[in-house]
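Undergrad: Below are the C-alpha cells for one structure; questions will follow.
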Amino acid sequence: MNDFHKDILIATLFSAGLLGFISGEFILSSTLFASAAVTSNVNPVRKRTRTRYFTWD
C-alpha cells in the first residue's frame with residue numbers, strides 16, 4: 001500500500017467517523033476513529049532483523 005492509498009483510507013475512515021459522531025452513532029464513530037488512528041501509525045513493511053541473544057565475543 002503506497003502513501004496515497006493509505007492517505008485515502010485514513011481520510012475515508014476519519015470522514016465516516018465524523019459523520020457517525022454527528023448523527024449520534026457514538027460506538028460506530030469511536031471504532032472508525034480508532035481504525036483511522038491505528039492505520040495511520042502502522043508500518044505495513046516489516047524488516048526482519050536478525051537478533052542474537054547470546055554473543056561470544
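In the C-alpha cells, chains take the letters A, B, ... in the order shown, each chain's residues start at 1, and ligands count up from 1 in the order shown.
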I'd like the contact shell of Phe14 (chain A) - 10 Å cut-off, only C-alpha atoms, skipping same-chain residues fewer than 2 positions apart - returned as a ChimeraX atom specification.

TA: /A:8-12,16-20,29,32-37

Undergrad: Keeping only N, CA and C atoms, write the selected residues as a JSON list (two decimals), in the first residue's frame.

TA:
[["chain", "number", "residue", "atom", "x", "y", "z"],
["A", 8, "ILE", "N", -5.84, 8.03, 1.50],
["A", 8, "ILE", "CA", -7.26, 7.93, 1.11],
["A", 8, "ILE", "C", -8.02, 7.10, 2.14],
["A", 9, "LEU", "N", -7.44, 5.99, 2.57],
["A", 9, "LEU", "CA", -8.09, 5.12, 3.56],
["A", 9, "LEU", "C", -8.29, 5.86, 4.88],
["A", 10, "ILE", "N", -7.27, 6.56, 5.33],
["A", 10, "ILE", "CA", -7.37, 7.29, 6.60],
["A", 10, "ILE", "C", -8.40, 8.40, 6.51],
["A", 11, "ALA", "N", -8.41, 9.13, 5.39],
["A", 11, "ALA", "CA", -9.39, 10.20, 5.22],
["A", 11, "ALA", "C", -10.81, 9.65, 5.17],
["A", 12, "THR", "N", -10.99, 8.52, 4.53],
["A", 12, "THR", "CA", -12.32, 7.90, 4.45],
["A", 12, "THR", "C", -12.79, 7.45, 5.83],
["A", 16, "ALA", "N", -15.97, 9.14, 7.76],
["A", 16, "ALA", "CA", -17.09, 8.30, 8.18],
["A", 16, "ALA", "C", -17.28, 8.37, 9.69],
["A", 17, "GLY", "N", -16.19, 8.42, 10.44],
["A", 17, "GLY", "CA", -16.29, 8.57, 11.89],
["A", 17, "GLY", "C", -16.89, 9.90, 12.29],
["A", 18, "LEU", "N", -16.52, 10.95, 11.58],
["A", 18, "LEU", "CA", -17.08, 12.28, 11.87],
["A", 18, "LEU", "C", -18.57, 12.32, 11.57],
["A", 19, "LEU", "N", -18.97, 11.76, 10.45],
["A", 19, "LEU", "CA", -20.40, 11.70, 10.13],
["A", 19, "LEU", "C", -21.17, 10.84, 11.13],
["A", 20, "GLY", "N", -20.56, 9.74, 11.55],
["A", 20, "GLY", "CA", -21.20, 8.90, 12.56],
["A", 20, "GLY", "C", -21.34, 9.62, 13.90],
["A", 29, "SER", "N", -18.68, 5.54, 15.54],
["A", 29, "SER", "CA", -17.69, 6.59, 15.28],
["A", 29, "SER", "C", -16.42, 6.36, 16.08],
["A", 32, "LEU", "N", -14.46, 3.77, 14.17],
["A", 32, "LEU", "CA", -13.86, 4.31, 12.95],
["A", 32, "LEU", "C", -12.69, 5.23, 13.27],
["A", 33, "PHE", "N", -12.79, 6.04, 14.32],
["A", 33, "PHE", "CA", -11.67, 6.89, 14.72],
["A", 33, "PHE", "C", -10.48, 6.04, 15.16],
["A", 34, "ALA", "N", -10.76, 4.97, 15.89],
["A", 34, "ALA", "CA", -9.67, 4.08, 16.32],
["A", 34, "ALA", "C", -9.01, 3.39, 15.13],
["A", 35, "SER", "N", -9.82, 2.99, 14.16],
["A", 35, "SER", "CA", -9.27, 2.36, 12.95],
["A", 35, "SER", "C", -8.40, 3.34, 12.18],
["A", 36, "ALA", "N", -8.81, 4.58, 12.10],
["A", 36, "ALA", "CA", -8.01, 5.60, 11.42],
["A", 36, "ALA", "C", -6.70, 5.84, 12.16],
["A", 37, "ALA", "N", -6.74, 5.84, 13.48],
["A", 37, "ALA", "CA", -5.52, 6.06, 14.26],
["A", 37, "ALA", "C", -4.55, 4.90, 14.11]]
